[in-house]
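Participant: Below is the file final-v4.cif, with mmCIF, C-alpha atoms.
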```cif
data_start
loop_
_atom_site.label_atom_id
_atom_site.label_comp_id
_atom_site.auth_asym_id
_atom_site.auth_seq_id
_atom_site.Cartn_x
_atom_site.Cartn_y
_atom_site.Cartn_z
CA MET A 1171 0.00 0.00 0.00
CA LYS A 1172 1.44 3.37 -1.01
CA VAL A 1173 1.06 6.21 1.49
CA SER A 1174 1.06 9.68 -0.01
CA LEU A 1175 3.80 12.12 0.98
CA TYR A 1176 1.22 14.58 2.27
CA LEU A 1177 -0.24 12.06 4.71
CA VAL A 1178 3.20 11.30 6.13
CA ILE A 1179 3.98 15.00 6.61
CA ALA A 1180 0.53 15.73 8.09
CA GLN A 1181 0.88 12.88 10.57
CA TRP A 1182 4.28 14.13 11.70
CA ALA A 1183 2.97 17.69 12.02
CA ILE A 1184 0.10 16.54 14.25
CA LEU A 1185 2.51 14.41 16.27
CA PHE A 1186 4.80 17.42 16.78
CA GLY A 1187 1.79 19.51 17.78
CA LEU A 1188 0.84 16.97 20.45
CA ALA A 1189 4.46 16.73 21.63
CA PHE A 1190 4.57 20.52 21.94
CA LEU A 1191 1.45 20.44 24.12
CA LEU A 1192 3.01 17.77 26.30
CA ILE A 1193 6.11 19.91 26.82
CA VAL A 1194 4.01 22.99 27.63
CA LEU A 1195 1.98 21.03 30.18
CA TYR A 1196 5.05 19.51 31.84
CA ARG A 1197 6.61 22.98 32.03
CA GLN A 1198 3.51 24.25 33.78
CA LEU A 1199 3.56 21.28 36.16
CA GLY A 1200 7.12 22.27 37.00
CA ARG A 1201 5.96 25.80 37.70
CA VAL A 1202 3.12 24.65 39.93
CA PHE A 1203 5.14 22.18 41.97
CA GLY A 1204 8.63 23.60 41.65
CA ALA A 1205 10.35 26.32 43.66
CA LYS A 1206 9.55 29.78 42.43
CA GLU A 1207 11.29 33.09 42.61
CA PRO A 1208 8.84 35.60 44.05
CA THR A 1209 7.91 38.39 41.71
CA LYS A 1210 9.18 41.58 43.22
CA TYR A 1211 6.74 44.35 42.67
CA GLY A 1212 5.43 46.93 45.02
CA LEU A 1213 7.65 48.76 47.48
CA PRO A 1214 8.71 47.22 50.79
CA PRO A 1215 6.84 48.40 53.91
CA GLY A 1216 8.42 51.36 55.66
CA THR A 1217 9.29 53.11 52.41
CA LEU A 1218 8.15 56.69 52.13
CA ALA A 1219 5.39 56.88 49.52
CA SER A 1220 5.97 59.42 46.80
CA ALA A 1221 3.57 62.14 45.72
CA PHE A 1222 2.34 62.16 42.16
CA GLU A 1223 0.15 63.95 39.70
CA TYR A 1224 -2.87 62.35 38.06
CA ARG A 1225 -5.78 63.24 35.84
CA ARG A 1226 -9.13 62.71 37.56
CA VAL A 1227 -11.38 60.70 35.24
CA SER A 1228 -14.69 62.24 36.35
CA ASP A 1229 -13.80 65.80 35.30
CA SER A 1230 -10.45 65.41 33.48
CA SER A 1231 -8.84 67.83 35.92
CA LEU A 1232 -5.24 67.48 37.01
CA GLN A 1233 -4.92 66.50 40.66
CA HIS A 1234 -2.07 65.86 43.04
CA PHE A 1235 -1.78 62.98 45.44
CA THR A 1236 0.23 63.76 48.55
CA PRO A 1237 0.74 60.89 50.98
CA GLY A 1238 0.79 61.55 54.71
CA ASN A 1239 -0.55 64.70 56.38
CA GLU A 1240 -2.33 62.47 58.93
CA ASN A 1241 -4.41 60.94 56.16
CA PRO A 1242 -4.02 57.21 55.59
CA ALA A 1243 -4.53 56.24 51.97
CA LEU A 1244 -5.24 53.20 49.89
CA LEU A 1245 -3.94 53.22 46.33
CA ALA A 1246 -4.95 50.57 43.83
CA PHE A 1247 -2.97 50.34 40.61
CA VAL A 1248 -5.51 48.78 38.29
CA ASN A 1249 -6.43 48.71 34.62
CA PRO A 1250 -9.83 48.17 32.98
CA THR A 1251 -8.53 45.46 30.63
CA CYS A 1252 -7.26 43.33 33.51
CA LEU A 1253 -9.77 40.76 34.77
CA ALA A 1254 -8.30 40.55 38.28
CA CYS A 1255 -8.47 44.37 38.50
CA ASP A 1256 -12.13 44.21 37.56
CA GLN A 1257 -12.73 41.90 40.52
CA LEU A 1258 -10.69 44.08 42.83
CA VAL A 1259 -12.56 47.25 41.86
CA GLY A 1260 -15.82 45.38 42.49
CA ALA A 1261 -14.56 44.38 45.95
CA MET A 1262 -13.42 47.95 46.68
CA SER A 1263 -16.81 49.33 45.63
CA THR A 1264 -18.48 46.87 48.03
CA ALA A 1265 -16.14 47.97 50.82
CA HIS A 1266 -16.91 51.59 49.99
CA ASN A 1267 -20.66 50.99 50.04
CA GLN A 1268 -20.32 49.28 53.41
CA GLY A 1269 -18.47 52.29 54.78
CA GLU A 1270 -15.19 50.45 55.29
CA LEU A 1271 -13.18 53.03 53.37
CA THR A 1272 -14.51 56.18 55.06
CA ALA A 1273 -11.35 56.70 57.12
CA LEU A 1274 -9.12 56.42 54.06
CA ARG A 1275 -8.24 58.42 51.01
CA THR A 1276 -8.89 55.90 48.26
CA LEU A 1277 -7.69 56.23 44.71
CA LEU A 1278 -7.86 53.86 41.76
CA VAL A 1279 -4.83 54.57 39.60
CA ILE A 1280 -5.01 53.54 35.96
CA SER A 1281 -2.38 53.79 33.25
CA GLU A 1282 -4.55 52.85 30.27
CA PRO A 1283 -6.55 55.37 28.22
CA ILE A 1284 -9.58 56.75 30.06
CA SER A 1285 -11.92 55.51 27.32
CA TYR A 1286 -11.07 51.91 28.28
CA ILE A 1287 -13.15 52.33 31.43
CA GLU A 1288 -16.17 51.62 29.24
CA ILE A 1289 -14.91 48.04 28.88
CA SER A 1290 -15.39 47.19 32.53
CA ASP A 1291 -18.70 47.42 34.38
CA SER A 1292 -16.88 47.58 37.73
CA PHE A 1293 -14.88 50.61 36.64
CA LYS A 1294 -17.93 52.25 35.08
CA ASP A 1295 -20.13 51.77 38.14
CA THR A 1296 -17.69 52.51 40.94
CA LEU A 1297 -18.15 55.63 43.04
CA LEU A 1298 -14.47 55.61 43.97
CA GLU A 1299 -12.16 58.21 42.53
CA ILE A 1300 -10.29 57.06 39.44
CA GLY A 1301 -7.14 58.83 38.33
CA GLN A 1302 -4.98 58.30 35.28
CA VAL A 1303 -1.26 58.66 35.82
CA THR A 1304 0.31 61.42 33.77
CA SER A 1305 3.78 59.91 33.82
CA ARG A 1306 5.25 56.42 33.87
CA ALA A 1307 7.54 57.68 36.62
CA THR A 1308 4.60 57.30 39.01
CA LEU A 1309 4.33 53.60 38.19
CA ASN A 1310 8.08 53.21 38.57
CA SER A 1311 8.15 55.03 41.89
CA TYR A 1312 5.66 52.50 43.32
CA GLN A 1313 7.21 49.58 41.40
CA ALA A 1314 3.80 48.97 39.88
CA VAL A 1315 5.09 46.65 37.20
CA ALA A 1316 1.93 44.53 37.23
CA THR A 1317 -1.71 45.02 38.06
CA PRO A 1318 -3.56 44.79 40.35
CA LEU A 1319 -1.27 46.28 42.98
CA ILE A 1320 -2.65 47.67 46.23
CA VAL A 1321 -0.57 50.01 48.33
CA SER A 1322 -1.55 50.81 51.90
CA ILE A 1323 -0.12 54.11 53.10
CA ASP A 1324 -0.29 55.08 56.76
CA ALA A 1325 -1.03 58.52 58.20
CA SER A 1326 2.65 59.47 58.17
CA GLY A 1327 2.99 58.74 54.45
CA HIS A 1328 4.91 55.48 54.79
CA ILE A 1329 3.93 52.33 52.97
CA SER A 1330 2.56 49.82 55.45
CA ALA A 1331 1.68 47.08 52.99
CA SER A 1332 1.71 46.41 49.28
CA GLY A 1333 0.63 43.45 47.26
CA THR A 1334 -2.23 42.10 45.27
CA ALA A 1335 -5.78 41.10 46.12
CA THR A 1336 -9.01 40.45 44.31
CA GLU A 1337 -11.46 39.48 47.05
CA LEU A 1338 -12.94 41.56 49.86
CA PRO A 1339 -11.38 39.55 52.76
CA GLU A 1340 -7.91 40.05 51.25
CA LEU A 1341 -8.68 43.72 50.66
CA ARG A 1342 -9.61 44.15 54.33
CA ASN A 1343 -6.04 43.26 55.30
CA PHE A 1344 -4.81 46.20 53.26
CA ILE A 1345 -7.47 48.52 54.69
CA HIS A 1346 -6.39 47.41 58.18
CA ALA A 1347 -2.73 48.01 57.31
CA CYS A 1348 -3.44 51.64 56.38
CA LEU A 1349 -4.60 52.38 59.91
CA ILE A 1350 -1.51 51.01 61.65
CA PRO A 1351 1.69 53.04 61.50
CA ALA A 1352 4.36 51.36 59.43
CA ARG A 1353 7.68 50.64 61.08
CA VAL A 1354 10.29 52.56 59.17
CA ASN A 1355 13.00 50.03 58.65
CA HIS A 1356 14.38 47.80 56.00
CA ILE A 1357 14.06 44.45 57.77
CA SER A 1358 11.37 43.53 55.30
CA GLU A 1359 13.92 43.37 52.55
CA GLU A 1360 15.49 40.39 54.30
CA LEU A 1361 12.19 38.52 54.21
CA PRO A 1362 10.89 36.77 51.15
CA LEU A 1363 8.02 38.74 49.66
CA THR A 1364 5.87 35.64 49.52
CA GLU A 1365 5.95 35.26 53.28
CA ILE A 1366 5.12 38.69 54.50
CA ASN A 1367 4.76 42.06 52.96
CA THR A 1368 3.69 44.14 55.89
CA ARG A 1369 5.62 45.20 58.96
CA THR A 1370 3.85 47.25 61.50
CA SER A 1371 4.67 48.45 64.96
CA HIS A 1372 2.18 45.89 66.26
CA PRO A 1373 3.09 42.75 64.40
CA GLU A 1374 1.13 40.57 66.79
CA THR A 1375 -2.10 42.33 65.89
CA SER A 1376 -1.58 42.69 62.20
CA SER A 1377 -2.40 40.01 59.73
CA SER A 1378 0.24 39.07 57.26
CA LEU A 1379 -0.42 39.97 53.69
CA GLY A 1380 1.02 37.38 51.42
CA GLN A 1381 2.23 38.94 48.23
CA LYS A 1382 0.92 36.90 45.41
CA GLU A 1383 3.39 35.65 42.95
CA GLY A 1384 1.77 36.78 39.78
CA ALA A 1385 -0.51 39.62 38.99
CA ASP A 1386 -2.96 39.54 36.15
CA ASN A 1387 -1.48 42.13 33.84
CA VAL A 1388 1.96 43.43 33.32
CA ILE A 1389 1.83 47.18 32.96
CA MET B 1356 10.34 21.51 -3.64
CA SER B 1357 7.13 19.56 -3.08
CA PRO B 1358 7.99 18.39 0.48
CA ILE B 1359 8.78 22.00 1.52
CA ILE B 1360 5.43 23.23 0.23
CA LEU B 1361 3.61 20.40 2.01
CA ILE B 1362 5.52 21.02 5.25
CA ALA B 1363 4.61 24.72 5.08
CA LYS B 1364 0.97 23.81 4.48
CA THR B 1365 0.77 21.37 7.39
CA ILE B 1366 2.62 23.67 9.81
CA LEU B 1367 0.06 26.37 9.04
CA SER B 1368 -2.87 24.00 9.43
CA VAL B 1369 -1.61 22.71 12.78
CA THR B 1370 -0.90 26.28 13.95
CA LEU B 1371 -4.42 27.36 13.04
CA LEU B 1372 -5.98 24.33 14.72
CA MET B 1373 -4.01 24.91 17.93
CA ALA B 1374 -4.45 28.68 17.99
CA GLY B 1375 -8.19 28.40 17.38
CA SER B 1376 -8.71 25.71 20.02
CA ALA B 1377 -6.63 27.61 22.60
CA LYS B 1378 -8.59 30.81 21.94
CA LEU B 1379 -11.87 28.94 22.21
CA ALA B 1380 -10.78 27.65 25.63
CA ASP B 1381 -10.59 31.22 26.94
CA VAL B 1382 -12.90 33.42 24.90
CA PRO B 1383 -13.18 36.14 27.62
CA SER B 1384 -9.42 36.82 27.54
CA PHE B 1385 -9.36 36.87 23.75
CA SER B 1386 -12.36 39.21 23.67
CA ILE B 1387 -10.43 41.67 25.86
CA THR B 1388 -7.64 41.70 23.28
CA LEU B 1389 -10.16 42.05 20.48
CA ARG B 1390 -11.85 44.93 22.29
CA MET B 1391 -8.62 46.93 22.05
CA PHE B 1392 -8.90 46.98 18.25
CA VAL B 1393 -12.54 47.93 17.83
CA SER B 1394 -14.77 50.86 18.68
CA LEU B 1395 -15.81 51.12 22.31
CA SER B 1396 -19.42 51.63 21.24
CA ILE B 1397 -19.70 47.98 20.13
CA PRO B 1398 -21.43 45.95 22.86
CA GLN B 1399 -19.30 43.47 24.80
CA SER B 1400 -21.65 40.57 23.95
CA PHE B 1401 -20.96 41.14 20.25
CA ILE B 1402 -17.21 41.24 20.91
CA ARG B 1403 -17.47 37.89 22.72
CA PHE B 1404 -19.40 36.47 19.78
CA ALA B 1405 -16.79 37.81 17.33
CA ALA B 1406 -13.96 36.35 19.45
CA ALA B 1407 -15.60 32.92 19.43
CA ALA B 1408 -16.29 33.24 15.68
CA ILE B 1409 -12.63 34.04 14.95
CA ALA B 1410 -11.51 31.03 16.99
CA ILE B 1411 -13.98 28.75 15.22
CA GLY B 1412 -12.93 30.26 11.87
CA GLU B 1413 -9.30 29.40 12.56
CA ILE B 1414 -10.18 25.83 13.49
CA THR B 1415 -12.36 25.42 10.39
CA ALA B 1416 -9.65 26.81 8.11
CA GLY B 1417 -7.03 24.52 9.65
CA LEU B 1418 -9.32 21.52 9.48
CA LEU B 1419 -10.33 22.03 5.85
CA SER B 1420 -6.81 22.88 4.73
CA MET B 1421 -5.37 19.75 6.26
CA THR B 1422 -8.16 17.34 5.38
CA PHE B 1423 -8.69 18.56 1.82
CA PRO B 1424 -5.23 19.64 0.62
CA SER B 1425 -6.37 19.67 -2.99
CA ILE B 1426 -8.76 22.59 -2.41
CA TYR B 1427 -6.54 25.43 -3.60
CA LEU B 1428 -8.92 28.10 -2.29
CA MET B 1429 -8.03 27.13 1.29
CA ASN B 1430 -4.42 28.18 0.65
CA GLU B 1431 -5.65 31.64 -0.30
CA VAL B 1432 -7.90 31.80 2.77
CA ILE B 1433 -4.88 30.97 4.94
CA VAL B 1434 -2.84 33.70 3.26
CA ALA B 1435 -5.67 36.09 4.16
CA PHE B 1436 -5.59 34.84 7.78
CA CYS B 1437 -1.81 35.28 7.98
CA SER B 1438 -2.00 38.76 6.46
CA ALA B 1439 -4.59 39.67 9.10
CA PHE B 1440 -2.31 38.27 11.83
CA LEU B 1441 0.54 40.42 10.55
CA ALA B 1442 -1.66 43.54 10.40
CA VAL B 1443 -2.87 42.91 13.96
CA SER B 1444 0.73 42.35 15.13
CA ILE B 1445 1.84 45.64 13.63
CA LEU B 1446 -1.14 47.55 15.02
CA GLY B 1447 -0.65 45.88 18.40
CA TYR B 1448 3.05 46.73 18.39
CA LEU B 1449 2.33 50.36 17.57
CA ASN B 1450 -0.57 50.88 19.98
CA PHE B 1451 -0.49 48.21 22.68
CA ARG B 1452 3.15 47.22 22.97
CA ASP B 1453 3.89 44.49 25.55
CA ARG B 1454 0.23 43.78 26.22
CA SER B 1455 -0.91 40.18 25.95
CA CYS B 1456 -2.04 39.23 22.45
CA ALA B 1457 -3.88 36.08 23.61
CA CYS B 1458 -2.78 34.53 20.29
CA PHE B 1459 -2.69 31.05 21.83
CA GLY B 1460 -5.04 31.67 24.75
CA GLY B 1461 -3.66 30.27 27.98
CA LEU B 1462 -1.02 28.25 26.13
CA SER B 1463 1.42 31.11 25.90
CA GLN B 1464 2.15 34.52 27.35
CA ARG B 1465 2.91 36.06 23.97
CA LYS B 1466 2.72 39.83 23.72
CA PHE B 1467 2.57 42.47 21.04
CA ASP B 1468 6.29 42.97 20.53
CA ALA B 1469 8.91 42.81 17.80
CA ARG B 1470 9.15 39.02 18.09
CA ALA B 1471 5.40 38.70 17.52
CA MET B 1472 5.79 40.67 14.29
CA VAL B 1473 8.67 38.44 13.17
CA ARG B 1474 6.53 35.36 13.89
CA SER B 1475 3.66 36.82 11.89
CA VAL B 1476 5.98 37.55 8.97
CA GLY B 1477 7.22 33.94 9.21
CA LEU B 1478 3.66 32.63 9.08
CA LEU B 1479 2.89 34.80 6.06
CA ILE B 1480 5.99 33.52 4.26
CA LEU B 1481 4.88 29.94 4.98
CA ALA B 1482 1.40 30.76 3.66
CA VAL B 1483 2.86 32.18 0.46
CA VAL B 1484 5.06 29.09 0.03
CA ALA B 1485 1.97 26.91 0.55
CA LEU B 1486 0.33 28.73 -2.37
CA LEU B 1487 2.71 27.03 -4.79
CA ARG B 1488 1.27 24.14 -6.76
CA VAL B 1489 2.26 20.55 -5.99
CA SER B 1490 1.71 17.40 -8.00
CA SER B 1491 -1.72 15.95 -7.41
CA SER B 1492 -0.24 12.52 -6.65
CA SER B 1493 1.57 13.85 -3.56
CA ILE B 1494 -1.66 15.12 -2.00
CA GLN B 1495 -3.87 12.24 -2.95
CA LEU B 1496 -5.77 10.87 0.01
CA THR B 1497 -8.07 7.87 0.29
CA THR B 1498 -11.31 8.22 2.25
CA SER B 1499 -9.94 6.19 5.14
CA SER B 1500 -6.76 8.34 5.29
CA ARG B 1501 -8.90 11.44 5.27
CA LEU B 1502 -11.01 10.04 8.09
CA LEU B 1503 -7.88 9.20 10.06
CA LEU B 1504 -6.60 12.72 9.56
CA VAL B 1505 -9.89 14.21 10.81
CA VAL B 1506 -9.72 12.05 13.94
CA ALA B 1507 -6.10 13.10 14.56
CA GLU B 1508 -7.02 16.76 14.04
CA GLY B 1509 -9.94 16.34 16.46
CA ILE B 1510 -7.61 14.86 19.08
CA LEU B 1511 -5.18 17.74 18.55
CA CYS B 1512 -7.96 20.34 18.95
CA LEU B 1513 -9.39 18.65 22.03
CA THR B 1514 -5.96 18.26 23.66
CA THR B 1515 -5.13 21.90 22.94
CA PHE B 1516 -8.47 23.02 24.35
CA ILE B 1517 -7.99 21.00 27.55
CA ALA B 1518 -4.34 22.06 27.90
CA ALA B 1519 -5.19 25.75 27.44
CA GLN B 1520 -7.95 25.54 30.04
CA ALA B 1521 -5.71 23.64 32.46
CA LEU B 1522 -2.93 26.18 32.04
CA GLU B 1523 -5.33 29.07 32.49
CA ARG B 1524 -6.69 27.58 35.72
CA SER B 1525 -3.31 26.61 37.14
CA ALA B 1526 -2.01 30.12 36.35
CA ALA B 1527 -5.01 31.57 38.20
CA ASN B 1528 -4.27 29.29 41.16
CA LEU B 1529 -0.66 30.41 41.17
CA SER B 1530 -1.70 34.04 41.29
CA THR B 1531 -4.12 33.50 44.17
CA ARG B 1532 -1.97 31.07 46.17
#
```
Starting from the file, give its structure as structure tokens.
Facilitator:
Amino acid sequence: MKVSLYLVIAQWAILFGLAFLLIVLYRQLGRVFGAKEPTKYGLPPGTLASAFEYRRVSDSSLQHFTPGNENPALLAFVNPTCLACDQLVGAMSTAHNQGELTALRTLLVISEPISYIEISDSFKDTLLEIGQVTSRATLNSYQAVATPLIVSIDASGHISASGTATELPELRNFIHACLIPARVNHISEELPLTEINTRTSHPETSSSLGQKEGADNVI
Amino acid sequence: MSPIILIAKTILSVTLLMAGSAKLADVPSFSITLRMFVSLSIPQSFIRFAAAAIAIGEITAGLLSMTFPSIYLMNEVIVAFCSAFLAVSILGYLNFRDRSCACFGGLSQRKFDARAMVRSVGLLILAVVALLRVSSSSIQLTTSSRLLLVVAEGILCLTTFIAAQALERSAANLSTR
């Protein structure tokens, strides 16, 4: 029986396709079960948060964010095209509606075009202030290399926690961290980011915020 | 020359089958990418539908091209697909650099970058090579061979679909661990 050349080539191509899938799956298994280097994004606790300029989405006016001045703040670096950010903004809106954010200055910081807000219902419906960064330097100064990134800033303007969250219970840890003064030191740099990403003056009362190893979108 | 043309043709078919199946496994992610290229006034439900239609279109093109190699029109359809991929790569590079292209759904983390453009050019070159005529004897298939090919293509699509979904879910678990 004579097998056509095309059939031979097609069979090999399909076989290679299946082999490729096998390799991809084994690679992923290695990632899931193997040791991982934690992704370093977000500043370590105790760092002084930097001020920045942003364009308020509701009225397109230029605004200035100044950390400190006895006002704790919660910044969320999010983008409308990121699914995890969509969830986070939903959770933040729920927290806002329940009055959990009243003691905080809350700002959703986006880097994508303002028109993209139309993509996400959570972004469209939220009553929280949304600001678009006017310079990439702002993202760099907070090491916001991926979204979503939440930064808790205490009343003195120091970062008390930073990391990622999508659900309300996780978000509450960050809200709680804003209200506790951050210890200004650099011990946190000695700790792996996956273990703990918050250092407060009352470590026994604070909950640890595990920094997740991968955010949804890379900015 | 004939083997090169046939290799180009089958590589393209397999690529289309895998890309389509992977996209179909995660239509929401692909629709987000698609949304970046169209007017914001278009409803999201339509974008989802278009994303699924593109994925199914890729699978159909791959399936027909591989199962019926003698249909010359399919080669031209694939050239059109590859030209569209290249145009999207260039537009993506210019406007949405380093954002995920969701080209292979959860199977890869490919982005709109220079490498994506080079890959798209490579695919277009393969598609043009596949346009060349080959002797009819080299692409002759019996009904049973054709049936076997369809089954193998089905297995490839199904495996890709499952793998893309598994990767998507395990990636989500990693990010919420």
Participant: Once the PyMOL selection byres ((chain A and resi 1309-1313) around 10) is applied to the coordinates I shared, what remains selected? I want it as a list in words.
Facilitator: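 That expression, the PyMOL selection byres ((chain A and resi 1309-1313) around 10), corresponds here to Lys1210, Tyr1211, Gly1212, Leu1213, Pro1214, Thr1217, Ala1219, Ser1220, Ala1221, Phe1222, Phe1247, Val1279, Ile1280, Ser1281, Val1303, Thr1304, Ser1305, Arg1306, Ala1307, Thr1308, Ala1314, Val1315, Ala1316, Leu1319, Val1321, Ile1329, Ser1332 and Ile1389 of chain A.
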Participant: I'd like to see the residues matched by the PyMOL selection byres ((chain B and resi 1407) around 9) on this file, and ideally I'd get them as a PyMOL selection string.
Facilitator: chain B and resi 1375+1378-1379+1382+1385-1386+1402-1406+1408-1412
Participant: Translate the PyMOL selection byres ((chain B and resi 1368) around 7) into a concrete residue list for this structure, as number ranges by chain.
Facilitator: B: 1364-1367, 1369-1372, 1417-1418, 1420-1421
Participant: For Pro1318 of chain A, please output as a list in words all residues within 9 Å (counting only C-alpha atoms; exclusion window: fewer than 3 positions along the same chain).
Facilitator: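 My reading of the contact set: Ala1246, Phe1247, Val1248, Asn1249, Cys1252, Ala1254, Cys1255, Leu1258, Ala1314, Gly1333, Thr1334, Ala1335, Thr1336, Ala1385, Asp1386 and Asn1387 of chain A.
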Participant: Go ahead and write the selection's residues with C-alpha atoms as an mmCIF file, in the frame of the given file.
Facilitator:
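Output below, filename part-v1.cif:
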```
data_model
loop_
_atom_site.group_PDB
_atom_site.id
_atom_site.type_symbol
_atom_site.label_atom_id
_atom_site.label_comp_id
_atom_site.auth_asym_id
_atom_site.auth_seq_id
_atom_site.Cartn_x
_atom_site.Cartn_y
_atom_site.Cartn_z
ATOM 1 C CA ALA A 1246 -4.950 50.570 43.830
ATOM 2 C CA PHE A 1247 -2.970 50.340 40.610
ATOM 3 C CA VAL A 1248 -5.510 48.780 38.290
ATOM 4 C CA ASN A 1249 -6.430 48.710 34.620
ATOM 5 C CA CYS A 1252 -7.260 43.330 33.510
ATOM 6 C CA ALA A 1254 -8.300 40.550 38.280
ATOM 7 C CA CYS A 1255 -8.470 44.370 38.500
ATOM 8 C CA LEU A 1258 -10.690 44.080 42.830
ATOM 9 C CA ALA A 1314 3.800 48.970 39.880
ATOM 10 C CA GLY A 1333 0.630 43.450 47.260
ATOM 11 C CA THR A 1334 -2.230 42.100 45.270
ATOM 12 C CA ALA A 1335 -5.780 41.100 46.120
ATOM 13 C CA THR A 1336 -9.010 40.450 44.310
ATOM 14 C CA ALA A 1385 -0.510 39.620 38.990
ATOM 15 C CA ASP A 1386 -2.960 39.540 36.150
ATOM 16 C CA ASN A 1387 -1.480 42.130 33.840
#
```
Participant: Should the cut-off be 8 Å, what would the residue list for chain B against chain A look like, counting only C-alpha atoms, as number ranges by chain?
Facilitator: B: 1358, 1361-1362, 1365-1366, 1369, 1373, 1387, 1390, 1395, 1399, 1421, 1454, 1462, 1492-1496, 1500, 1504, 1507-1508, 1511, 1514-1515, 1518, 1522, 1525, 1529-1532
Participant: Restricting the calculation to all atoms listed in the file, which member of B:Thr1415, B:Ser1394, B:Ser1444, B:Ser1490 is positioned closest to Ala1374 of chain B?
Facilitator: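 Distance minimum relative to Ala1374 of chain B lands on B:Thr1415.
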Participant: Between atom CA of Leu1478 of chain B and atom CA of Ala1442 of chain B, what distance in Å does the model show, to one decimal?
Facilitator: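 Spanning atom CA of Leu1478 of chain B to atom CA of Ala1442 of chain B is a straight-line distance of 12.2 Å.
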Participant: What is the distance, in Å and to one decimal place, between atom CA of Ala1325 of chain A and atom CA of Phe1293 of chain A?
Facilitator: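 Atom-to-atom, atom CA of Ala1325 of chain A to atom CA of Phe1293 of chain A, that is 26.8 Å.
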Participant: Taking only C-alpha atoms into account, name the residue in B:Ile1426, B:Ala1439, B:Cys1458, B:Val1432 that is nearest to Ser1491 of chain B.
Facilitator: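 Closest residue, counting only C-alpha atoms: B:Ile1426.
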Participant: In Å, how far is it from atom CA of Asn1241 of chain A to atom CA of Gly1327 of chain A?
Facilitator: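 Going from atom CA of Asn1241 of chain A over to atom CA of Gly1327 of chain A covers 7.9 Å.
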Participant: For Val1484 of chain B, which residue out of B:Ala1363, B:Leu1428, B:Ala1519, B:Leu1513 is the nearest one, using all atoms listed in the file?
Facilitator: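 Under the stated criterion, the closest residue is B:Ala1363.
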Participant: Compile the contact shell of Gly1447 of chain B as number ranges by chain: residues with an atom at most 12 Å away, counting all atoms listed in the file, same-chain residues fewer than 6 positions apart removed.
Facilitator: B: 1388-1392, 1439-1441, 1453-1458, 1465-1472, 1475
